[in-house]
>>> print(open('final23.pdb').read())   # PDB, C-alpha atoms and all ligand atoms
ATOM      1  CA  MET A   1      15.667  61.870  90.663  1.00  0.00           C
ATOM      2  CA  LYS A   2      14.986  62.424  94.353  1.00  0.00           C
ATOM      3  CA  LEU A   3      15.903  65.876  95.598  1.00  0.00           C
ATOM      4  CA  ILE A   4      15.701  67.860  98.795  1.00  0.00           C
ATOM      5  CA  ILE A   5      15.702  71.661  98.731  1.00  0.00           C
ATOM      6  CA  MET A   6      16.951  73.045 102.001  1.00  0.00           C
ATOM      7  CA  GLY A   7      17.722  76.522 103.280  1.00  0.00           C
ATOM      8  CA  PRO A   8      16.690  79.185 105.776  1.00  0.00           C
ATOM      9  CA  PRO A   9      13.227  80.780 105.651  1.00  0.00           C
ATOM     10  CA  GLY A  10      13.004  83.047 102.615  1.00  0.00           C
ATOM     11  CA  SER A  11      15.996  81.498 100.829  1.00  0.00           C
ATOM     12  CA  GLY A  12      13.860  80.728  97.755  1.00  0.00           C
ATOM     13  CA  LYS A  13      13.081  77.033  98.277  1.00  0.00           C
ATOM     14  CA  GLY A  14       9.561  77.368  96.903  1.00  0.00           C
ATOM     15  CA  THR A  15      10.656  79.392  93.860  1.00  0.00           C
ATOM     16  CA  VAL A  16      13.426  76.944  92.953  1.00  0.00           C
ATOM     17  CA  SER A  17      11.125  73.957  93.529  1.00  0.00           C
ATOM     18  CA  GLU A  18       8.377  75.402  91.302  1.00  0.00           C
ATOM     19  CA  ARG A  19      10.932  75.811  88.509  1.00  0.00           C
ATOM     20  CA  LEU A  20      12.344  72.301  88.999  1.00  0.00           C
ATOM     21  CA  GLU A  21       8.805  70.946  88.841  1.00  0.00           C
ATOM     22  CA  LYS A  22       8.185  72.740  85.546  1.00  0.00           C
ATOM     23  CA  GLU A  23      11.505  72.129  83.794  1.00  0.00           C
ATOM     24  CA  PHE A  24      12.226  68.575  84.908  1.00  0.00           C
ATOM     25  CA  ASN A  25       8.709  67.312  85.490  1.00  0.00           C
ATOM     26  CA  LEU A  26       9.342  66.469  89.127  1.00  0.00           C
ATOM     27  CA  LEU A  27       6.626  66.157  91.734  1.00  0.00           C
ATOM     28  CA  HIS A  28       6.858  69.129  94.101  1.00  0.00           C
ATOM     29  CA  VAL A  29       6.138  68.127  97.680  1.00  0.00           C
ATOM     30  CA  SER A  30       5.890  71.053 100.078  1.00  0.00           C
ATOM     31  CA  PRO A  31       4.713  70.118 103.571  1.00  0.00           C
ATOM     32  CA  GLY A  32       4.370  73.829 104.391  1.00  0.00           C
ATOM     33  CA  GLU A  33       1.832  74.180 101.610  1.00  0.00           C
ATOM     34  CA  LEU A  34       0.008  70.949 102.474  1.00  0.00           C
ATOM     35  CA  LEU A  35      -0.204  72.010 106.114  1.00  0.00           C
ATOM     36  CA  ARG A  36      -1.479  75.494 105.235  1.00  0.00           C
ATOM     37  CA  GLU A  37      -4.163  73.852 103.079  1.00  0.00           C
ATOM     38  CA  GLU A  38      -5.327  71.800 106.059  1.00  0.00           C
ATOM     39  CA  VAL A  39      -5.571  75.002 108.109  1.00  0.00           C
ATOM     40  CA  ALA A  40      -7.442  76.852 105.347  1.00  0.00           C
ATOM     41  CA  LYS A  41      -9.937  73.990 104.981  1.00  0.00           C
ATOM     42  CA  GLY A  42     -10.443  73.897 108.753  1.00  0.00           C
ATOM     43  CA  THR A  43      -9.969  70.117 108.971  1.00  0.00           C
ATOM     44  CA  THR A  44      -9.401  68.384 112.315  1.00  0.00           C
ATOM     45  CA  ILE A  45      -5.663  68.244 111.574  1.00  0.00           C
ATOM     46  CA  GLY A  46      -5.776  71.876 110.438  1.00  0.00           C
ATOM     47  CA  LYS A  47      -7.243  72.961 113.772  1.00  0.00           C
ATOM     48  CA  GLU A  48      -4.507  71.129 115.679  1.00  0.00           C
ATOM     49  CA  ILE A  49      -1.591  72.481 113.680  1.00  0.00           C
ATOM     50  CA  LYS A  50      -2.666  76.107 113.130  1.00  0.00           C
ATOM     51  CA  ARG A  51      -0.941  77.435 116.236  1.00  0.00           C
ATOM     52  CA  PHE A  52       2.414  75.866 115.313  1.00  0.00           C
ATOM     53  CA  ILE A  53       2.458  77.411 111.849  1.00  0.00           C
ATOM     54  CA  GLU A  54       1.291  80.803 113.032  1.00  0.00           C
ATOM     55  CA  SER A  55       3.928  80.955 115.755  1.00  0.00           C
ATOM     56  CA  GLY A  56       6.780  79.720 113.518  1.00  0.00           C
ATOM     57  CA  GLU A  57       7.238  76.414 115.372  1.00  0.00           C
ATOM     58  CA  LEU A  58       7.691  73.072 113.644  1.00  0.00           C
ATOM     59  CA  VAL A  59       4.477  71.100 113.318  1.00  0.00           C
ATOM     60  CA  PRO A  60       4.891  67.836 115.296  1.00  0.00           C
ATOM     61  CA  ASP A  61       6.373  64.960 113.295  1.00  0.00           C
ATOM     62  CA  LYS A  62       3.273  62.787 113.649  1.00  0.00           C
ATOM     63  CA  PHE A  63       1.481  65.136 111.237  1.00  0.00           C
ATOM     64  CA  VAL A  64       4.349  65.792 108.843  1.00  0.00           C
ATOM     65  CA  ALA A  65       6.551  62.732 108.263  1.00  0.00           C
ATOM     66  CA  GLU A  66       3.741  60.345 107.329  1.00  0.00           C
ATOM     67  CA  MET A  67       2.137  62.958 105.110  1.00  0.00           C
ATOM     68  CA  VAL A  68       5.378  63.374 103.137  1.00  0.00           C
ATOM     69  CA  LYS A  69       5.972  59.638 102.871  1.00  0.00           C
ATOM     70  CA  LEU A  70       2.429  59.119 101.575  1.00  0.00           C
ATOM     71  CA  GLU A  71       2.937  61.780  98.884  1.00  0.00           C
ATOM     72  CA  VAL A  72       6.105  60.150  97.499  1.00  0.00           C
ATOM     73  CA  LYS A  73       5.139  56.508  97.964  1.00  0.00           C
ATOM     74  CA  GLY A  74       6.178  54.436  94.934  1.00  0.00           C
ATOM     75  CA  LYS A  75       7.542  57.511  93.110  1.00  0.00           C
ATOM     76  CA  ASP A  76      11.078  58.151  91.855  1.00  0.00           C
ATOM     77  CA  ASN A  77      11.033  61.740  90.663  1.00  0.00           C
ATOM     78  CA  TYR A  78      10.329  64.394  93.229  1.00  0.00           C
ATOM     79  CA  ILE A  79      11.543  67.406  95.192  1.00  0.00           C
ATOM     80  CA  LEU A  80      11.022  67.710  98.919  1.00  0.00           C
ATOM     81  CA  ASP A  81      10.712  71.426  99.644  1.00  0.00           C
ATOM     82  CA  GLY A  82      11.056  72.219 103.347  1.00  0.00           C
ATOM     83  CA  PHE A  83      11.417  68.628 104.494  1.00  0.00           C
ATOM     84  CA  PRO A  84      13.335  67.428 106.451  1.00  0.00           C
ATOM     85  CA  ARG A  85      13.666  70.263 108.934  1.00  0.00           C
ATOM     86  CA  SER A  86      15.226  68.302 111.798  1.00  0.00           C
ATOM     87  CA  LEU A  87      17.699  65.474 112.305  1.00  0.00           C
ATOM     88  CA  GLY A  88      14.851  63.158 113.330  1.00  0.00           C
ATOM     89  CA  GLN A  89      12.969  63.893 110.112  1.00  0.00           C
ATOM     90  CA  ALA A  90      16.145  63.331 108.057  1.00  0.00           C
ATOM     91  CA  LYS A  91      16.698  59.949 109.683  1.00  0.00           C
ATOM     92  CA  SER A  92      13.044  59.018 109.195  1.00  0.00           C
ATOM     93  CA  ILE A  93      13.387  59.175 105.398  1.00  0.00           C
ATOM     94  CA  GLU A  94      16.658  57.265 105.032  1.00  0.00           C
ATOM     95  CA  GLU A  95      14.790  54.518 103.165  1.00  0.00           C
ATOM     96  CA  LEU A  96      13.858  56.956 100.384  1.00  0.00           C
ATOM     97  CA  LYS A  97      17.511  57.077  99.258  1.00  0.00           C
ATOM     98  CA  ILE A  98      17.668  60.764  98.363  1.00  0.00           C
ATOM     99  CA  ASP A  99      20.094  61.525  95.504  1.00  0.00           C
ATOM    100  CA  LYS A 100      20.990  65.127  96.250  1.00  0.00           C
ATOM    101  CA  VAL A 101      20.328  67.892  98.755  1.00  0.00           C
ATOM    102  CA  ILE A 102      20.504  71.390  97.295  1.00  0.00           C
ATOM    103  CA  TYR A 103      21.213  73.886 100.048  1.00  0.00           C
ATOM    104  CA  LEU A 104      20.261  77.494  99.290  1.00  0.00           C
ATOM    105  CA  ASP A 105      22.937  79.482 101.031  1.00  0.00           C
ATOM    106  CA  VAL A 106      22.023  83.064 101.936  1.00  0.00           C
ATOM    107  CA  SER A 107      22.598  85.316 104.930  1.00  0.00           C
ATOM    108  CA  GLU A 108      19.941  86.036 107.520  1.00  0.00           C
ATOM    109  CA  ASP A 109      20.106  89.789 106.840  1.00  0.00           C
ATOM    110  CA  GLU A 110      19.355  89.241 103.175  1.00  0.00           C
ATOM    111  CA  VAL A 111      16.365  86.950 103.736  1.00  0.00           C
ATOM    112  CA  ILE A 112      14.831  89.231 106.340  1.00  0.00           C
ATOM    113  CA  LYS A 113      14.804  91.968 103.694  1.00  0.00           C
ATOM    114  CA  ARG A 114      13.270  89.557 101.188  1.00  0.00           C
ATOM    115  CA  LEU A 115      10.510  88.189 103.394  1.00  0.00           C
ATOM    116  CA  ALA A 116       8.902  91.606 103.830  1.00  0.00           C
ATOM    117  CA  GLY A 117       8.277  91.732 100.069  1.00  0.00           C
ATOM    118  CA  ARG A 118       7.173  88.142  99.618  1.00  0.00           C
ATOM    119  CA  ARG A 119       3.647  87.519  98.285  1.00  0.00           C
ATOM    120  CA  VAL A 120       1.807  84.289  97.573  1.00  0.00           C
ATOM    121  CA  CYS A 121      -1.408  83.437  95.749  1.00  0.00           C
ATOM    122  CA  GLU A 122      -4.512  82.805  97.853  1.00  0.00           C
ATOM    123  CA  ARG A 123      -3.858  79.048  97.922  1.00  0.00           C
ATOM    124  CA  GLY A 124      -0.245  79.690  98.919  1.00  0.00           C
ATOM    125  CA  THR A 125       1.006  77.661  95.947  1.00  0.00           C
ATOM    126  CA  HIS A 126       2.773  80.252  93.789  1.00  0.00           C
ATOM    127  CA  GLY A 127       5.316  82.654  95.227  1.00  0.00           C
ATOM    128  CA  TYR A 128       6.280  86.182  94.121  1.00  0.00           C
ATOM    129  CA  HIS A 129       8.267  89.153  95.337  1.00  0.00           C
ATOM    130  CA  ILE A 130       7.238  92.795  94.976  1.00  0.00           C
ATOM    131  CA  THR A 131      10.718  93.701  93.658  1.00  0.00           C
ATOM    132  CA  PHE A 132      12.604  90.564  92.622  1.00  0.00           C
ATOM    133  CA  LEU A 133       9.902  88.310  91.193  1.00  0.00           C
ATOM    134  CA  LYS A 134       6.956  90.393  90.048  1.00  0.00           C
ATOM    135  CA  PRO A 135       3.754  88.896  88.638  1.00  0.00           C
ATOM    136  CA  LYS A 136       2.728  89.980  85.125  1.00  0.00           C
ATOM    137  CA  LYS A 137      -0.239  91.881  86.576  1.00  0.00           C
ATOM    138  CA  GLU A 138       0.341  93.616  89.897  1.00  0.00           C
ATOM    139  CA  GLY A 139      -1.258  91.816  92.842  1.00  0.00           C
ATOM    140  CA  ILE A 140      -2.547  88.886  90.744  1.00  0.00           C
ATOM    141  CA  CYS A 141      -1.160  85.340  90.457  1.00  0.00           C
ATOM    142  CA  ASP A 142       0.089  84.560  86.917  1.00  0.00           C
ATOM    143  CA  VAL A 143      -0.949  80.929  87.232  1.00  0.00           C
ATOM    144  CA  ASP A 144      -4.353  80.830  88.922  1.00  0.00           C
ATOM    145  CA  GLY A 145      -5.513  84.477  88.716  1.00  0.00           C
ATOM    146  CA  SER A 146      -6.112  84.769  92.469  1.00  0.00           C
ATOM    147  CA  LYS A 147      -5.221  87.809  94.579  1.00  0.00           C
ATOM    148  CA  LEU A 148      -1.685  87.905  95.985  1.00  0.00           C
ATOM    149  CA  VAL A 149      -1.464  88.099  99.760  1.00  0.00           C
ATOM    150  CA  GLN A 150       1.182  88.103 102.485  1.00  0.00           C
ATOM    151  CA  ARG A 151       1.663  84.884 104.446  1.00  0.00           C
ATOM    152  CA  LYS A 152       0.514  85.158 108.057  1.00  0.00           C
ATOM    153  CA  ASP A 153       3.881  83.869 109.277  1.00  0.00           C
ATOM    154  CA  ASP A 154       5.808  86.487 107.263  1.00  0.00           C
ATOM    155  CA  ASN A 155       5.749  89.034 110.079  1.00  0.00           C
ATOM    156  CA  PRO A 156       8.864  90.082 112.051  1.00  0.00           C
ATOM    157  CA  ARG A 157       7.974  88.264 115.288  1.00  0.00           C
ATOM    158  CA  VAL A 158       7.240  84.932 113.600  1.00  0.00           C
ATOM    159  CA  ILE A 159      10.186  85.287 111.200  1.00  0.00           C
ATOM    160  CA  LYS A 160      12.478  85.573 114.237  1.00  0.00           C
ATOM    161  CA  GLN A 161      11.043  82.344 115.645  1.00  0.00           C
ATOM    162  CA  ARG A 162      11.376  80.541 112.287  1.00  0.00           C
ATOM    163  CA  PHE A 163      15.071  81.450 112.250  1.00  0.00           C
ATOM    164  CA  LYS A 164      15.492  80.178 115.791  1.00  0.00           C
ATOM    165  CA  VAL A 165      13.946  76.845 114.761  1.00  0.00           C
ATOM    166  CA  PHE A 166      16.164  76.795 111.690  1.00  0.00           C
ATOM    167  CA  HIS A 167      19.348  77.198 113.754  1.00  0.00           C
ATOM    168  CA  GLU A 168      18.286  74.879 116.554  1.00  0.00           C
ATOM    169  CA  GLN A 169      16.831  72.045 114.457  1.00  0.00           C
ATOM    170  CA  THR A 170      17.309  72.297 110.698  1.00  0.00           C
ATOM    171  CA  GLU A 171      21.073  72.900 110.754  1.00  0.00           C
ATOM    172  CA  ALA A 172      21.494  69.424 112.265  1.00  0.00           C
ATOM    173  CA  ALA A 173      19.781  67.936 109.201  1.00  0.00           C
ATOM    174  CA  ARG A 174      22.080  69.978 106.947  1.00  0.00           C
ATOM    175  CA  LYS A 175      25.149  68.593 108.752  1.00  0.00           C
ATOM    176  CA  PHE A 176      23.745  65.054 108.440  1.00  0.00           C
ATOM    177  CA  TYR A 177      23.642  65.360 104.634  1.00  0.00           C
ATOM    178  CA  GLU A 178      27.000  67.122 104.523  1.00  0.00           C
ATOM    179  CA  LYS A 179      28.561  64.124 106.243  1.00  0.00           C
ATOM    180  CA  LYS A 180      26.865  61.804 103.752  1.00  0.00           C
ATOM    181  CA  LYS A 181      28.435  63.952 100.997  1.00  0.00           C
ATOM    182  CA  ILE A 182      25.206  64.419  99.068  1.00  0.00           C
ATOM    183  CA  LEU A 183      24.723  68.109  99.902  1.00  0.00           C
ATOM    184  CA  VAL A 184      25.607  70.836  97.405  1.00  0.00           C
ATOM    185  CA  LYS A 185      25.598  74.485  98.472  1.00  0.00           C
ATOM    186  CA  VAL A 186      24.286  77.029  96.000  1.00  0.00           C
ATOM    187  CA  ASP A 187      24.801  80.769  96.413  1.00  0.00           C
ATOM    188  CA  ALA A 188      21.202  81.942  96.852  1.00  0.00           C
ATOM    189  CA  SER A 189      22.002  85.581  97.601  1.00  0.00           C
ATOM    190  CA  LYS A 190      21.585  86.509  93.931  1.00  0.00           C
ATOM    191  CA  GLU A 191      18.428  87.291  91.936  1.00  0.00           C
ATOM    192  CA  PRO A 192      16.079  84.357  91.124  1.00  0.00           C
ATOM    193  CA  GLU A 193      17.326  83.826  87.535  1.00  0.00           C
ATOM    194  CA  LYS A 194      20.983  83.586  88.663  1.00  0.00           C
ATOM    195  CA  VAL A 195      20.094  81.168  91.468  1.00  0.00           C
ATOM    196  CA  TRP A 196      18.175  79.070  88.947  1.00  0.00           C
ATOM    197  CA  GLU A 197      21.244  78.905  86.652  1.00  0.00           C
ATOM    198  CA  LEU A 198      23.301  77.509  89.530  1.00  0.00           C
ATOM    199  CA  VAL A 199      20.631  74.952  90.486  1.00  0.00           C
ATOM    200  CA  ASN A 200      20.223  73.940  86.855  1.00  0.00           C
ATOM    201  CA  LYS A 201      23.978  73.321  86.652  1.00  0.00           C
ATOM    202  CA  VAL A 202      23.787  70.965  89.637  1.00  0.00           C
ATOM    203  CA  ILE A 203      20.976  68.965  87.973  1.00  0.00           C
ATOM    204  CA  LYS A 204      22.810  68.795  84.638  1.00  0.00           C
ATOM    205  CA  GLU A 205      25.909  67.468  86.443  1.00  0.00           C
ATOM    206  CA  MET A 206      23.741  64.805  88.091  1.00  0.00           C
ATOM    207  CA  LYS A 207      22.376  63.684  84.739  1.00  0.00           C
ATOM    208  CA  LYS A 208      25.856  63.158  83.209  1.00  0.00           C
TER     209      LYS A 208
HETATM  210  P1  LIG A 301       7.268  76.696 104.701  1.00  0.00           P
HETATM  211  O1  LIG A 301       6.110  76.936 103.806  1.00  0.00           O
HETATM  212  O2  LIG A 301       8.148  75.578 104.199  1.00  0.00           O
HETATM  213  O3  LIG A 301       8.039  77.941 105.021  1.00  0.00           O
HETATM  214  O4  LIG A 301       6.669  76.182 106.103  1.00  0.00           O
HETATM  215  C1  LIG A 301       5.773  76.962 106.860  1.00  0.00           C
HETATM  216  C2  LIG A 301       5.516  76.345 108.213  1.00  0.00           C
HETATM  217  O5  LIG A 301       4.961  75.028 108.056  1.00  0.00           O
HETATM  218  C3  LIG A 301       6.748  76.135 109.083  1.00  0.00           C
HETATM  219  O6  LIG A 301       7.122  77.303 109.790  1.00  0.00           O
HETATM  220  C4  LIG A 301       6.239  75.026 110.020  1.00  0.00           C
HETATM  221  O7  LIG A 301       5.347  75.529 110.989  1.00  0.00           O
HETATM  222  C5  LIG A 301       5.440  74.149 109.062  1.00  0.00           C
HETATM  223  N1  LIG A 301       6.333  73.149 108.423  1.00  0.00           N
HETATM  224  C6  LIG A 301       6.754  73.130 107.131  1.00  0.00           C
HETATM  225  N2  LIG A 301       7.585  72.091 106.897  1.00  0.00           N
HETATM  226  C7  LIG A 301       7.693  71.436 108.075  1.00  0.00           C
HETATM  227  C8  LIG A 301       8.430  70.295 108.507  1.00  0.00           C
HETATM  228  N3  LIG A 301       9.232  69.616 107.685  1.00  0.00           N
HETATM  229  N4  LIG A 301       8.292  69.906 109.813  1.00  0.00           N
HETATM  230  C9  LIG A 301       7.499  70.570 110.669  1.00  0.00           C
HETATM  231  N5  LIG A 301       6.804  71.676 110.339  1.00  0.00           N
HETATM  232  C10 LIG A 301       6.880  72.115 109.062  1.00  0.00           C
END
>>> encode(input="final23.pdb", output="structure tokens", more="lines below")
Ligand code: AMP
Amino acid sequence: MKLIIMGPPGSGKGTVSERLEKEFNLLHVSPGELLREEVAKGTTIGKEIKRFIESGELVPDKFVAEMVKLEVKGKDNYILDGFPRSLGQAKSIEELKIDKVIYLDVSEDEVIKRLAGRRVCERGTHGYHITFLKPKKEGICDVDGSKLVQRKDDNPRVIKQRFKVFHEQTEAARKFYEKKKILVKVDASKEPEKVWELVNKVIKEMKK
């Protein structure tokens, strides 16, 4: 099963992808996470891309598309979380023959409220929310025990820019998959468990 999880910043792509990974044993490929790792490690690539991430811009395709393709090479069961984010990126992975695009549909007002309460573990792998998705122990990641922090790009100025990029570039990729009739919209305005039920239903339908 080859899936894409798409949606505006803060729509819950990471949360849904983590659950899909666990329940259906799919490889979770998140370019955002891979890119942040490069920055944290201070690699040559990391130094070049830091400014794009921190300002809410898309990292240039030469760093992203090949990285994603390398991750999924020869594999049949995966979720692309946050890729593609532009029409060009969508066209560049036509050969992967994606089965379904799950679009997390939620208003901008709602996600702006959510992003302020979002927390991630130190590696940026596991996501939480101070109200809607609390860890078992306050401020600590359930999975790896690290301290929970706020992402650098979760501040109002950068969030605004990420939305601009979403409208100007990512919506074109959404329309591309709509036309191909492989996109399913899921109401992502509800709490995480309800959203999961809807996503789960889509997967079960696919397996029939
Ligand atoms: P995310 O963790 O998916 O919210 O992504 C965080 C940041 O990583 C984005 O704001 C971009 O700067 C960068 N990024 C993630 N995915 C992509 C992509 N498909 N293309 C370009 N840049 C990306």
>>> axis_aligned_box(input="final23.pdb", around="stretch 84-95 of chain A", padding_each_side="4 Å", output="AutoDock Vina command-line options")
--center_x 15.3 --center_y 62.4 --center_z 108.2 --size_x 12.7 --size_y 23.7 --size_z 18.2
>>> closest_residue(input="final23.pdb", among="A:Val59, A:Ile93, A:Lys201, A:Arg85", to="A:Glu168", atoms="all atoms listed in the file")
A:Arg85
>>> residues_around(input="final23.pdb", residues="stretch 103-115 of chain A", least_positions_apart="5", cutoff="6 Å", atoms="all atoms listed in the file", output="VMD selection string")
chain A and resid 6 to 7 10 184 to 189
>>> atom_distance(input="final23.pdb", atom1="atom CA of A:Ile45", atom2="atom CA of A:Gly127")
24.4 Å
>>> closest_atom_pairs(input="final23.pdb", of="chain A", to="ligand LIG 301 (chain A)", cutoff="6 Å", atoms="all atoms listed in the file", output="CSV")
residue,atom,partner,partner_atom,distance
A:Pro9,CA,A:LIG301,O3,5.9
A:Pro31,CA,A:LIG301,N2,4.8
A:Gly32,CA,A:LIG301,O1,3.6
A:Glu33,CA,A:LIG301,O1,5.5
A:Phe52,CA,A:LIG301,O7,5.2
A:Ile53,CA,A:LIG301,O7,3.6
A:Gly56,CA,A:LIG301,O6,4.5
A:Glu57,CA,A:LIG301,O7,4.9
A:Leu58,CA,A:LIG301,N5,3.7
A:Val59,CA,A:LIG301,N5,3.8
A:Pro60,CA,A:LIG301,C9,6.0
A:Val64,CA,A:LIG301,N4,5.8
A:Gly82,CA,A:LIG301,O2,4.5
A:Phe83,CA,A:LIG301,N3,4.0
A:Pro84,CA,A:LIG301,N3,4.8
A:Arg85,CA,A:LIG301,N3,4.7
A:Arg162,CA,A:LIG301,O6,5.9
>>> atom_distance(input="final23.pdb", atom1="atom CA of A:Arg118", atom2="atom CA of A:Lys136")
15.3 Å
>>> closest_residue(input="final23.pdb", among="A:Lys164, A:Arg36, A:Val29, A:Thr44", to="A:Arg123", atoms="only C-alpha atoms")
A:Arg36
>>> resolve_selection(input="final23.pdb", expression="the PyMOL selection byres (((chain A and resi 124) around 12) and not hetatm)", output="ChimeraX atom specification")
/A:14,30-40,118-123,125-128,141,143-144,146-153
>>> closest_residue(input="final23.pdb", among="A:Lys100, A:Lys180, A:Lys62, A:His167", to="A:Glu48", atoms="only C-alpha atoms")
A:Lys62
>>> atom_distance(input="final23.pdb", atom1="atom CA of A:Ser17", atom2="atom CA of A:Asp81")
6.6 Å
>>> residues_around(input="final23.pdb", residues="A:Tyr78", least_positions_apart="2", cutoff="8 Å", atoms="all atoms listed in the file", output="PDB file with C-alpha atoms, in the coordinates of the input")
ATOM      1  CA  MET A   1      15.667  61.870  90.663  1.00  0.00           C
ATOM      2  CA  LYS A   2      14.986  62.424  94.353  1.00  0.00           C
ATOM      3  CA  LEU A   3      15.903  65.876  95.598  1.00  0.00           C
ATOM      4  CA  LEU A  26       9.342  66.469  89.127  1.00  0.00           C
ATOM      5  CA  LEU A  27       6.626  66.157  91.734  1.00  0.00           C
ATOM      6  CA  HIS A  28       6.858  69.129  94.101  1.00  0.00           C
ATOM      7  CA  VAL A  29       6.138  68.127  97.680  1.00  0.00           C
ATOM      8  CA  VAL A  72       6.105  60.150  97.499  1.00  0.00           C
ATOM      9  CA  LYS A  75       7.542  57.511  93.110  1.00  0.00           C
ATOM     10  CA  ASP A  76      11.078  58.151  91.855  1.00  0.00           C
ATOM     11  CA  LEU A  80      11.022  67.710  98.919  1.00  0.00           C
TER      12      LEU A  80
END
>>> closest_residue(input="final23.pdb", among="A:Lys179, A:Glu191, A:Ala65, A:Gly117", to="A:Asp154", atoms="all atoms listed in the file")
A:Gly117
>>> closest_residue(input="final23.pdb", among="A:Tyr177, A:Val158, A:Gln169, A:Leu183", to="A:Ser55", atoms="only C-alpha atoms")
A:Val158
>>> closest_residue(input="final23.pdb", among="A:Lys207, A:Lys69, A:Lys190, A:Arg174", to="A:Ile5", atoms="only C-alpha atoms")
A:Arg174
>>> resolve_selection(input="final23.pdb", expression="the PyMOL selection byres (((chain A and resi 87) around 10) and not hetatm)", output="mmCIF file with C-alpha atoms, keeping the file's coordinate frame")
data_model
loop_
_atom_site.group_PDB
_atom_site.id
_atom_site.type_symbol
_atom_site.label_atom_id
_atom_site.label_comp_id
_atom_site.auth_asym_id
_atom_site.auth_seq_id
_atom_site.Cartn_x
_atom_site.Cartn_y
_atom_site.Cartn_z
ATOM 1 C CA PRO A 84 13.335 67.428 106.451
ATOM 2 C CA ARG A 85 13.666 70.263 108.934
ATOM 3 C CA SER A 86 15.226 68.302 111.798
ATOM 4 C CA GLY A 88 14.851 63.158 113.330
ATOM 5 C CA GLN A 89 12.969 63.893 110.112
ATOM 6 C CA ALA A 90 16.145 63.331 108.057
ATOM 7 C CA LYS A 91 16.698 59.949 109.683
ATOM 8 C CA SER A 92 13.044 59.018 109.195
ATOM 9 C CA GLN A 169 16.831 72.045 114.457
ATOM 10 C CA THR A 170 17.309 72.297 110.698
ATOM 11 C CA GLU A 171 21.073 72.900 110.754
ATOM 12 C CA ALA A 172 21.494 69.424 112.265
ATOM 13 C CA ALA A 173 19.781 67.936 109.201
ATOM 14 C CA ARG A 174 22.080 69.978 106.947
ATOM 15 C CA LYS A 175 25.149 68.593 108.752
ATOM 16 C CA PHE A 176 23.745 65.054 108.440
ATOM 17 C CA TYR A 177 23.642 65.360 104.634
#
